[in-house]
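Colleague: The following file, target.csv, comprises CSV, C-alpha atoms:
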```
chain,number,residue,atom,x,y,z
A,1288,MET,CA,32.1,19.8,53.0
A,1289,ARG,CA,34.3,17.9,55.5
A,1290,MET,CA,31.7,15.2,55.7
A,1291,MET,CA,31.3,15.0,52.0
A,1292,SER,CA,35.0,14.5,51.3
A,1293,GLU,CA,35.2,11.7,54.0
A,1294,THR,CA,32.3,10.0,52.3
A,1295,ASP,CA,34.1,10.2,49.0
A,1296,MET,CA,37.2,8.8,50.3
A,1297,GLN,CA,35.4,5.7,51.5
A,1298,GLU,CA,34.0,4.9,48.1
A,1299,PRO,CA,36.1,2.5,46.1
A,1300,ASN,CA,35.9,4.7,43.0
A,1301,ALA,CA,36.3,8.0,44.8
A,1302,VAL,CA,36.8,10.7,42.1
A,1303,ARG,CA,38.6,13.2,44.3
A,1304,THR,CA,42.2,11.9,44.3
A,1305,GLY,CA,43.9,15.3,44.5
A,1306,PHE,CA,44.6,18.1,42.1
A,1307,TRP,CA,47.8,16.7,40.5
A,1308,ALA,CA,46.5,13.2,40.3
A,1309,ASP,CA,43.4,14.5,38.5
A,1310,ALA,CA,45.6,16.7,36.3
A,1311,ILE,CA,47.7,13.8,35.2
A,1312,ARG,CA,44.6,11.8,34.4
A,1313,GLY,CA,43.3,14.6,32.3
A,1314,LEU,CA,46.6,15.0,30.5
A,1315,ILE,CA,46.7,11.3,29.7
A,1316,ASP,CA,43.1,11.5,28.4
A,1317,ILE,CA,43.9,14.4,26.1
A,1318,SER,CA,47.3,13.3,25.0
A,1319,PRO,CA,46.3,11.4,21.8
A,1320,LEU,CA,44.4,14.5,20.7
A,1321,MET,CA,47.4,16.7,21.4
A,1322,ALA,CA,49.5,14.5,19.2
A,1323,GLY,CA,46.8,14.7,16.5
A,1324,ALA,CA,46.5,18.5,16.7
A,1325,ALA,CA,50.2,19.4,16.7
A,1326,PRO,CA,50.8,18.7,13.0
A,1327,PHE,CA,47.8,20.8,12.1
A,1328,ALA,CA,49.2,23.7,14.1
A,1329,LEU,CA,52.5,23.4,12.3
A,1330,LEU,CA,50.7,23.3,8.9
A,1331,LEU,CA,48.5,26.3,9.9
A,1332,GLY,CA,51.7,28.3,10.7
A,1333,SER,CA,53.4,27.5,7.4
A,1334,LEU,CA,50.3,28.2,5.3
A,1335,ALA,CA,49.7,31.5,7.0
A,1336,VAL,CA,53.3,32.6,6.3
A,1337,GLN,CA,52.8,31.7,2.6
A,1338,LYS,CA,49.7,34.0,2.7
A,1339,GLY,CA,51.8,36.9,3.9
A,1340,LEU,CA,51.1,36.8,7.6
A,1341,SER,CA,54.1,37.2,9.9
A,1342,PRO,CA,54.9,34.5,12.5
A,1343,ALA,CA,54.0,37.0,15.2
A,1344,GLU,CA,50.6,37.6,13.5
A,1345,VAL,CA,49.6,33.9,13.1
A,1346,THR,CA,50.8,33.0,16.6
A,1347,LEU,CA,48.7,35.9,17.9
A,1348,MET,CA,45.8,34.4,16.0
A,1349,SER,CA,46.3,31.0,17.5
A,1350,LEU,CA,46.6,32.5,21.0
A,1351,SER,CA,43.5,34.7,20.8
A,1352,VAL,CA,41.1,32.9,18.4
A,1353,TYR,CA,42.3,29.4,19.2
A,1354,ALA,CA,39.9,27.7,16.8
A,1355,GLY,CA,41.5,25.3,14.3
A,1356,SER,CA,38.8,24.9,11.7
A,1357,ALA,CA,38.0,28.6,11.7
A,1358,GLN,CA,41.6,29.6,11.4
A,1359,PHE,CA,42.3,27.2,8.4
A,1360,ILE,CA,39.3,28.7,6.6
A,1361,ALA,CA,40.4,32.2,7.4
A,1362,ILE,CA,43.9,31.6,6.1
A,1363,ASP,CA,42.4,30.0,3.0
A,1364,ILE,CA,40.4,33.1,2.1
A,1365,TRP,CA,43.1,35.5,3.3
A,1366,GLN,CA,44.4,38.0,0.7
A,1367,THR,CA,45.6,41.6,0.5
A,1368,PRO,CA,43.8,43.8,1.3
A,1369,VAL,CA,42.3,41.7,4.1
A,1370,PRO,CA,38.6,40.9,3.5
A,1371,ILE,CA,37.9,41.5,7.2
A,1372,LEU,CA,34.1,41.2,7.2
A,1373,ALA,CA,34.2,37.9,5.1
A,1374,ILE,CA,36.8,36.4,7.5
A,1375,VAL,CA,35.1,37.5,10.7
A,1376,GLY,CA,31.7,36.4,9.4
A,1377,THR,CA,33.0,33.0,8.3
A,1378,THR,CA,34.7,32.6,11.7
A,1379,LEU,CA,31.4,33.2,13.4
A,1380,LEU,CA,29.6,30.7,11.2
A,1381,VAL,CA,32.3,28.0,11.8
A,1382,ASN,CA,32.0,28.6,15.5
A,1383,LEU,CA,28.2,28.6,15.9
A,1384,ARG,CA,28.5,25.0,17.3
A,1385,HIS,CA,30.1,26.5,20.4
A,1386,LEU,CA,26.7,28.0,21.3
A,1387,LEU,CA,25.5,24.4,21.8
A,1388,MET,CA,28.7,23.2,23.2
A,1389,GLY,CA,28.9,25.9,25.8
A,1390,ALA,CA,25.3,25.2,26.9
A,1391,ALA,CA,26.2,21.5,27.3
A,1392,LEU,CA,29.1,22.4,29.5
A,1393,ALA,CA,27.0,24.6,31.8
A,1394,PRO,CA,25.6,21.9,34.2
A,1395,HIS,CA,29.0,20.3,34.8
A,1396,LEU,CA,31.3,23.1,36.0
A,1397,GLY,CA,30.0,23.4,39.5
A,1398,GLY,CA,33.3,22.1,41.0
A,1399,LEU,CA,35.2,25.1,39.6
A,1400,SER,CA,35.7,28.6,40.9
A,1401,PRO,CA,33.8,31.4,39.0
A,1402,LEU,CA,37.1,32.4,37.3
A,1403,GLY,CA,37.8,28.8,36.5
A,1404,ARG,CA,34.4,28.4,34.9
A,1405,VAL,CA,34.9,31.5,32.7
A,1406,LEU,CA,38.4,30.5,31.6
A,1407,THR,CA,37.3,26.9,30.8
A,1408,VAL,CA,34.3,28.0,28.7
A,1409,SER,CA,36.5,30.8,27.0
A,1410,VAL,CA,39.0,28.3,25.7
A,1411,HIS,CA,37.0,25.1,25.2
A,1412,SER,CA,37.8,23.4,21.9
A,1413,ASP,CA,36.1,20.4,20.3
A,1414,GLU,CA,38.7,18.1,21.9
A,1415,THR,CA,38.8,19.6,25.5
A,1416,TRP,CA,35.0,20.0,25.5
A,1417,ALA,CA,34.6,16.3,24.6
A,1418,MET,CA,37.0,15.2,27.3
A,1419,ALA,CA,35.2,17.3,30.0
A,1420,LEU,CA,31.8,15.9,29.0
A,1421,ARG,CA,33.1,12.3,28.8
A,1422,ARG,CA,34.4,12.8,32.3
A,1423,ALA,CA,31.0,14.1,33.4
A,1424,GLN,CA,29.3,11.2,31.8
A,1425,ALA,CA,31.6,8.6,33.5
A,1426,PHE,CA,31.8,10.1,37.0
A,1427,GLY,CA,29.0,12.7,37.1
A,1428,SER,CA,29.6,16.4,37.3
A,1429,VAL,CA,31.6,15.8,40.5
A,1430,GLY,CA,34.3,14.2,38.4
A,1431,VAL,CA,34.9,17.5,36.5
A,1432,THR,CA,37.4,18.7,39.1
A,1433,PRO,CA,39.7,21.7,38.8
A,1434,GLY,CA,42.7,19.3,38.5
A,1435,TYR,CA,41.1,17.3,35.7
A,1436,ILE,CA,40.1,20.5,33.8
A,1437,PHE,CA,43.7,21.8,34.3
A,1438,GLY,CA,45.2,18.7,33.0
A,1439,VAL,CA,43.0,18.5,29.9
A,1440,PHE,CA,42.9,22.2,29.0
A,1441,VAL,CA,46.2,24.0,29.8
A,1442,LEU,CA,48.8,22.1,27.7
A,1443,PHE,CA,46.3,21.5,25.0
A,1444,TYR,CA,45.6,25.2,24.8
A,1445,LEU,CA,49.3,26.3,25.0
A,1446,GLN,CA,50.5,23.8,22.4
A,1447,TRP,CA,48.3,25.3,19.7
A,1448,PRO,CA,50.1,28.7,19.5
A,1449,PHE,CA,53.4,27.0,20.2
A,1450,TRP,CA,53.3,24.7,17.2
A,1451,THR,CA,51.7,27.4,15.1
A,1452,CYS,CA,54.7,29.6,15.8
A,1453,ILE,CA,57.2,26.7,15.1
A,1454,GLY,CA,55.4,26.0,11.8
A,1455,ALA,CA,55.4,29.7,10.8
A,1456,ILE,CA,59.1,30.1,11.5
A,1457,SER,CA,60.3,26.8,10.0
A,1458,GLY,CA,57.9,26.9,7.0
A,1459,GLY,CA,56.7,23.7,5.5
A,1460,LEU,CA,58.0,21.4,8.2
A,1461,VAL,CA,54.8,19.4,7.9
A,1462,SER,CA,53.4,19.6,4.5
A,1463,ASP,CA,50.8,16.8,4.8
A,1464,PRO,CA,49.5,15.6,8.2
A,1465,ALA,CA,47.6,12.9,6.3
A,1466,ALA,CA,50.9,11.2,5.4
A,1467,PHE,CA,51.1,9.4,8.7
A,1468,GLY,CA,47.4,9.3,9.5
A,1469,PHE,CA,47.6,12.3,11.9
A,1470,ASP,CA,44.4,13.7,10.3
A,1471,PHE,CA,42.5,10.6,11.3
A,1472,VAL,CA,43.4,10.7,15.0
A,1473,PHE,CA,40.7,13.3,15.6
A,1474,PRO,CA,37.8,11.5,13.9
A,1475,ALA,CA,39.0,8.2,15.4
A,1476,VAL,CA,39.0,9.6,19.0
A,1477,PHE,CA,35.6,11.2,18.4
A,1478,ILE,CA,34.2,8.0,17.1
A,1479,THR,CA,35.2,6.3,20.3
A,1480,LEU,CA,33.7,9.1,22.3
A,1481,VAL,CA,30.4,8.8,20.4
A,1482,ILE,CA,30.4,5.0,21.2
A,1483,GLY,CA,31.1,5.8,24.8
A,1484,PHE,CA,28.1,8.2,25.0
A,1485,TRP,CA,26.0,5.8,23.1
A,1486,ARG,CA,26.9,2.9,25.4
A,1487,ALA,CA,25.9,5.0,28.5
A,1488,SER,CA,22.6,6.4,27.1
A,1489,ARG,CA,21.6,4.2,24.1
A,1490,GLN,CA,20.7,7.4,22.2
A,1491,THR,CA,20.8,5.5,18.9
A,1492,LEU,CA,18.2,7.7,17.2
A,1493,VAL,CA,20.0,10.9,18.3
A,1494,VAL,CA,23.3,9.7,16.7
A,1495,ALA,CA,21.5,8.4,13.6
A,1496,VAL,CA,19.6,11.7,13.0
A,1497,SER,CA,22.8,13.7,13.6
A,1498,LEU,CA,24.9,11.5,11.3
A,1499,GLY,CA,22.3,11.5,8.5
A,1500,THR,CA,21.7,15.3,8.8
A,1501,ALA,CA,25.4,16.1,8.8
A,1502,LEU,CA,26.0,14.0,5.7
A,1503,LEU,CA,23.0,15.5,3.8
A,1504,VAL,CA,23.8,19.1,4.7
A,1505,HIS,CA,27.5,18.6,4.0
A,1506,HIS,CA,26.6,17.2,0.6
A,1507,PHE,CA,24.1,19.9,-0.4
A,1508,VAL,CA,25.1,23.0,1.4
A,1509,ASP,CA,28.5,24.7,1.0
A,1510,GLY,CA,30.5,25.6,4.0
A,1511,VAL,CA,30.2,24.4,7.5
A,1512,TRP,CA,26.5,24.7,8.3
A,1513,TYR,CA,26.4,20.9,8.7
A,1514,ILE,CA,27.9,20.9,12.2
A,1515,PHE,CA,25.4,23.4,13.6
A,1516,VAL,CA,22.4,22.1,11.8
A,1517,ALA,CA,23.1,18.4,12.5
A,1518,GLY,CA,24.1,19.1,16.1
A,1519,LEU,CA,20.9,20.9,16.6
A,1520,ALA,CA,18.8,18.2,14.8
A,1521,GLY,CA,20.3,15.5,17.1
A,1522,THR,CA,19.8,17.7,20.2
A,1523,LEU,CA,16.1,18.3,19.3
A,1524,THR,CA,15.7,14.6,18.7
A,1525,GLY,CA,16.8,14.0,22.2
A,1526,GLY,CA,14.2,16.5,23.5
A,1527,PHE,CA,11.6,15.0,21.2
A,1528,LEU,CA,12.1,11.5,22.6
A,1529,TYR,CA,11.5,12.7,26.1
A,1530,LYS,CA,8.7,10.8,27.7
A,1531,GLY,CA,8.2,12.7,30.9
A,1532,GLU,CA,9.7,12.0,34.3
A,1533,ALA,CA,9.6,8.3,35.3
A,1534,PRO,CA,6.7,7.9,37.7
A,1535,ALA,CA,7.8,7.2,41.3
A,1536,HIS,CA,5.7,4.0,41.5
A,1537,GLY,CA,6.9,2.7,38.1
B,244,MET,CA,58.3,35.5,4.7
B,245,GLY,CA,57.8,38.9,6.1
B,246,ASP,CA,59.4,40.4,9.1
B,247,LEU,CA,59.2,37.9,12.0
B,248,PHE,CA,57.6,40.3,14.4
B,249,SER,CA,55.7,42.5,12.0
B,250,LEU,CA,52.1,43.3,13.1
B,251,GLN,CA,50.0,45.1,10.5
B,252,GLY,CA,46.9,47.1,11.5
B,253,ALA,CA,44.4,45.5,9.3
B,254,THR,CA,45.7,42.0,10.1
B,255,VAL,CA,45.6,42.6,13.9
B,256,LEU,CA,42.1,44.1,13.5
B,257,THR,CA,40.9,41.0,11.6
B,258,ILE,CA,42.4,38.7,14.2
B,259,ALA,CA,40.8,40.7,17.0
B,260,GLY,CA,37.4,40.4,15.2
B,261,MET,CA,37.9,36.6,14.8
B,262,ALA,CA,38.8,36.3,18.5
B,263,LEU,CA,35.8,38.3,19.6
B,264,VAL,CA,33.2,36.4,17.7
B,265,THR,CA,34.8,33.1,18.7
B,266,TRP,CA,34.8,34.1,22.3
B,267,LEU,CA,31.2,35.3,22.1
B,268,SER,CA,30.0,32.0,20.5
B,269,ARG,CA,31.8,30.1,23.3
B,270,MET,CA,30.3,32.1,26.1
B,271,THR,CA,26.8,32.9,24.9
B,272,GLY,CA,25.3,29.4,25.0
B,273,TYR,CA,26.9,28.8,28.4
B,274,ALA,CA,25.7,32.0,29.9
B,275,LEU,CA,22.1,31.4,28.6
B,276,ALA,CA,22.1,27.8,29.9
B,277,ARG,CA,23.2,28.9,33.3
B,278,ARG,CA,20.4,31.4,33.6
B,279,ILE,CA,17.6,29.1,32.5
B,280,ALA,CA,16.3,26.3,34.8
B,281,ILE,CA,16.8,23.2,32.6
B,282,THR,CA,14.3,20.4,33.4
B,283,GLY,CA,12.2,17.9,31.6
B,284,ARG,CA,12.3,18.0,27.8
B,285,ALA,CA,15.1,20.7,27.7
B,286,LYS,CA,17.2,18.6,30.0
B,287,ALA,CA,16.7,15.6,27.7
B,288,ALA,CA,17.8,17.7,24.8
B,289,LEU,CA,20.9,19.0,26.6
B,290,GLU,CA,21.8,15.4,27.5
B,291,ALA,CA,21.6,14.4,23.8
B,292,MET,CA,23.9,17.3,22.8
B,293,PRO,CA,27.3,15.7,23.3
B,294,PRO,CA,26.7,12.7,21.1
B,295,ALA,CA,24.8,14.8,18.6
B,296,ILE,CA,27.5,17.4,18.2
B,297,LEU,CA,30.4,14.9,18.3
B,298,THR,CA,28.7,12.9,15.5
B,299,ALA,CA,27.9,16.1,13.5
B,300,ILE,CA,31.6,17.3,13.6
B,301,ILE,CA,33.1,14.0,12.4
B,302,ALA,CA,30.4,12.6,10.1
B,303,PRO,CA,31.8,14.1,6.8
B,304,MET,CA,35.4,13.5,7.9
B,305,ALA,CA,34.6,9.9,8.5
B,306,PHE,CA,32.1,9.0,5.8
B,307,SER,CA,32.4,11.6,2.9
B,308,GLU,CA,36.2,11.8,2.5
B,309,GLY,CA,36.8,8.6,0.6
B,310,ILE,CA,36.9,4.8,0.9
B,311,ALA,CA,39.9,4.7,3.2
B,312,GLU,CA,38.4,7.0,5.7
B,313,ALA,CA,34.9,5.4,5.6
B,314,VAL,CA,36.4,1.9,6.0
B,315,ALA,CA,38.7,3.0,8.8
B,316,ALA,CA,35.7,4.8,10.5
B,317,ALA,CA,33.7,1.6,10.4
B,318,VAL,CA,36.6,-0.4,11.8
B,319,THR,CA,37.0,2.2,14.5
B,320,VAL,CA,33.3,1.9,15.5
B,321,LEU,CA,33.6,-1.9,15.7
B,322,ALA,CA,36.9,-1.7,17.6
B,323,ALA,CA,35.5,0.9,20.0
B,324,LEU,CA,32.6,-1.4,20.9
B,325,ARG,CA,35.0,-4.1,22.2
B,326,LEU,CA,38.4,-2.5,23.0
B,327,PRO,CA,39.8,0.3,25.1
B,328,THR,CA,39.8,3.8,23.6
B,329,LEU,CA,43.5,4.0,22.8
B,330,VAL,CA,43.6,0.6,21.1
B,331,ALA,CA,40.5,1.4,19.0
B,332,VAL,CA,42.1,4.8,17.9
B,333,ALA,CA,45.4,3.1,17.0
B,334,ILE,CA,43.5,0.4,15.0
B,335,GLY,CA,41.5,3.1,13.2
B,336,VAL,CA,44.6,5.2,12.3
B,337,ALA,CA,46.6,2.2,11.2
B,338,THR,CA,43.7,1.1,9.0
B,339,VAL,CA,43.5,4.5,7.2
B,340,VAL,CA,47.3,4.5,6.7
B,341,LEU,CA,47.3,1.0,5.3
B,342,ILE,CA,44.4,1.5,2.9
B,343,ARG,CA,45.8,4.8,1.6
B,344,GLN,CA,49.0,2.9,0.7
B,345,ALA,CA,47.2,0.1,-0.9
B,346,PRO,CA,47.9,-0.1,-4.7
B,347,PHE,CA,44.4,0.5,-6.0
```
For this file, produce the structure as structure tokens.
Modeller:
Amino acid sequence: MRMMSETDMQEPNAVRTGFWADAIRGLIDISPLMAGAAPFALLLGSLAVQKGLSPAEVTLMSLSVYAGSAQFIAIDIWQTPVPILAIVGTTLLVNLRHLLMGAALAPHLGGLSPLGRVLTVSVHSDETWAMALRRAQAFGSVGVTPGYIFGVFVLFYLQWPFWTCIGAISGGLVSDPAAFGFDFVFPAVFITLVIGFWRASRQTLVVAVSLGTALLVHHFVDGVWYIFVAGLAGTLTGGFLYKGEAPAHG
Amino acid sequence: MGDLFSLQGATVLTIAGMALVTWLSRMTGYALARRIAITGRAKAALEAMPPAILTAIIAPMAFSEGIAEAVAAAVTVLAALRLPTLVAVAIGVATVVLIRQAPF
């Protein structure tokens, strides 16, 4: 280990610059998405209260479920008495994509402790997952340091129940995140991430298949199947395009 | 608004169920991928996953919402090909706000 870290330090673009330096880097990387998510947490809190949940209940939901799209859909179909099976089943369906996302994280968390790995996977969101994988793509798995993960994940996680609670207590503070374009921060950041991955790997067909499948399934099938189906279609395309290991003499 | 701190049994149970299935969906794929040696074709598939899923998540948000979003998405793509991430995001968001305010 000693030798490895000395080697790293000699490289001009050494990744390991210390826990807090990495954490600040991570926080900077996730900050636009934090700003984009906050109005939605406020909105979620106020909608939930209108449906009869108490601020304590919806804050508990944001703390424990911590899944924006699933929570919005749950609140949308919420009524009294609570249709518990419909809500839990819908939540599972919305979150099926995490099966794929968790698998994609697996090769890149070697720099974390076992507890750190479980915590990271337990609270990954679309946003934090994307930042961790972008980091791995840019610097290799070695770039996914405990400090970087800390910076990306901790505040992004905590702000979700925090703003949910504020929204629930204040009620209708933010009625329309679209008014200032907050709703477009998320797709805009994700577009730049797709471009980044494409630039690195030129997986044009993967992106095209995923895009086309998502639009088709979204158009013809109700609900959120499009994410899982299109994500899987793009993933399988990547496997299909595999041409075998490059020969050593090639 | 109900009592600030009220916690009803059925509501808490529903939330617990939501939390459980969400956590399971987050952990299951990860746990499986860690136990399987991933090489060759499976590795190629795993490497295609990030752009595939990112694209799947945003495709309808970008291209099925309306003209403003579709144009802004296209502008963001072009901007992201040439400019730093934050600049491209700012241009995309500004575009969607401007087009939504346009009088047509």
Colleague: Which residues, written as a ChimeraX atom specification, have at least one atom at most 10 Å from Ile342 of chain B, with only C-alpha atoms counted and residues fewer than 2 positions away on the same chain left out?
Modeller: /B:310-312,314-315,337-340,344-347
Colleague: Please return, as a PyMOL selection string, all residues of chain B lying within 7 Å of chain A when only C-alpha atoms are considered.
Modeller: chain B and resi 244-250+253-254+257-258+260-262+264-266+268-273+276-277+283-285+287-289+291-292+294-305+316+319-320+323-324+328+332+335-336+339-340
Colleague: Rounded to one decimal place, report the atom CA of Met1418 of chain A-atom CA of Gly1510 of chain A distance in Å.
Modeller: 26.3 Å
Colleague: Expressed in Å to a single decimal, how great is the separation between atom CA of Gly1430 of chain A and atom CA of Ser1400 of chain A?
Modeller: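 About the pair atom CA of Gly1430 of chain A and atom CA of Ser1400 of chain A: they are 14.7 Å apart.
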Colleague: Using only C-alpha atoms, which of A:Ala1308, A:Leu1314, A:Leu1320, A:Ala1423 sits nearest Ala1487 of chain A?
Modeller: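 Of A:Ala1308, A:Leu1314, A:Leu1320, A:Ala1423, the one nearest Ala1487 of chain A, counting only C-alpha atoms, is A:Ala1423.
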Colleague: Please indicate the distance in Å from atom CA of Thr1451 of chain A to atom CA of Leu1334 of chain A, rounded to one decimal place.
Modeller: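 Rounded to one decimal, the two atoms are 9.9 Å apart.
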Colleague: If we count all atoms listed in the file, what is near Thr1346 of chain A at a cut-off of 8 Å, once residues fewer than 5 positions away on the same chain are taken out, given as a PyMOL selection string?
Modeller: chain A and resi 1332+1448-1449+1451-1452
Colleague: Hey, can you spit out that residue selection with C-alpha atoms as a compact mmCIF listing (two decimals), in the coordinates of the input?
Modeller:
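For reference, selection-v3.txt as written:
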```
# COMPACT_ATOMS: atom_id res chain seq x y z
CA GLY A 1332 51.70 28.30 10.70
CA PRO A 1448 50.10 28.70 19.50
CA PHE A 1449 53.40 27.00 20.20
CA THR A 1451 51.70 27.40 15.10
CA CYS A 1452 54.70 29.60 15.80
```
Colleague: Of the candidates A:Leu1445, A:Leu1331, A:Val1439, A:Val1431, which shows the shortest atom-to-atom distance to Ala1310 of chain A, using all atoms listed in the file?
Modeller: A:Val1439
Colleague: Quick one: segment 273-294 of chain B from the block, C-alpha atoms, as a PDB file, in the first residue's frame.
Modeller:
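The result, stored in out.pdb:
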```pdb
ATOM      1  CA  TYR B 273     -25.422  -5.163  -6.495  1.00  0.00           C
ATOM      2  CA  ALA B 274     -25.250  -8.358  -4.427  1.00  0.00           C
ATOM      3  CA  LEU B 275     -25.712 -10.550  -7.521  1.00  0.00           C
ATOM      4  CA  ALA B 276     -23.109  -8.660  -9.554  1.00  0.00           C
ATOM      5  CA  ARG B 277     -20.583  -9.026  -6.730  1.00  0.00           C
ATOM      6  CA  ARG B 278     -21.042 -12.788  -6.613  1.00  0.00           C
ATOM      7  CA  ILE B 279     -20.750 -13.434 -10.320  1.00  0.00           C
ATOM      8  CA  ALA B 280     -17.433 -13.211 -12.111  1.00  0.00           C
ATOM      9  CA  ILE B 281     -18.152 -10.676 -14.820  1.00  0.00           C
ATOM     10  CA  THR B 282     -16.060 -11.065 -17.946  1.00  0.00           C
ATOM     11  CA  GLY B 283     -16.393 -10.909 -21.708  1.00  0.00           C
ATOM     12  CA  ARG B 284     -19.882 -10.275 -22.997  1.00  0.00           C
ATOM     13  CA  ALA B 285     -21.378  -9.677 -19.545  1.00  0.00           C
ATOM     14  CA  LYS B 286     -18.671  -7.103 -18.838  1.00  0.00           C
ATOM     15  CA  ALA B 287     -19.434  -5.327 -22.106  1.00  0.00           C
ATOM     16  CA  ALA B 288     -23.102  -5.261 -21.121  1.00  0.00           C
ATOM     17  CA  LEU B 289     -22.283  -3.890 -17.667  1.00  0.00           C
ATOM     18  CA  GLU B 290     -20.171  -1.147 -19.239  1.00  0.00           C
ATOM     19  CA  ALA B 291     -23.071  -0.182 -21.485  1.00  0.00           C
ATOM     20  CA  MET B 292     -25.391   0.105 -18.476  1.00  0.00           C
ATOM     21  CA  PRO B 293     -24.646   3.681 -17.322  1.00  0.00           C
ATOM     22  CA  PRO B 294     -25.366   5.433 -20.642  1.00  0.00           C
TER      23      PRO B 294
END
```
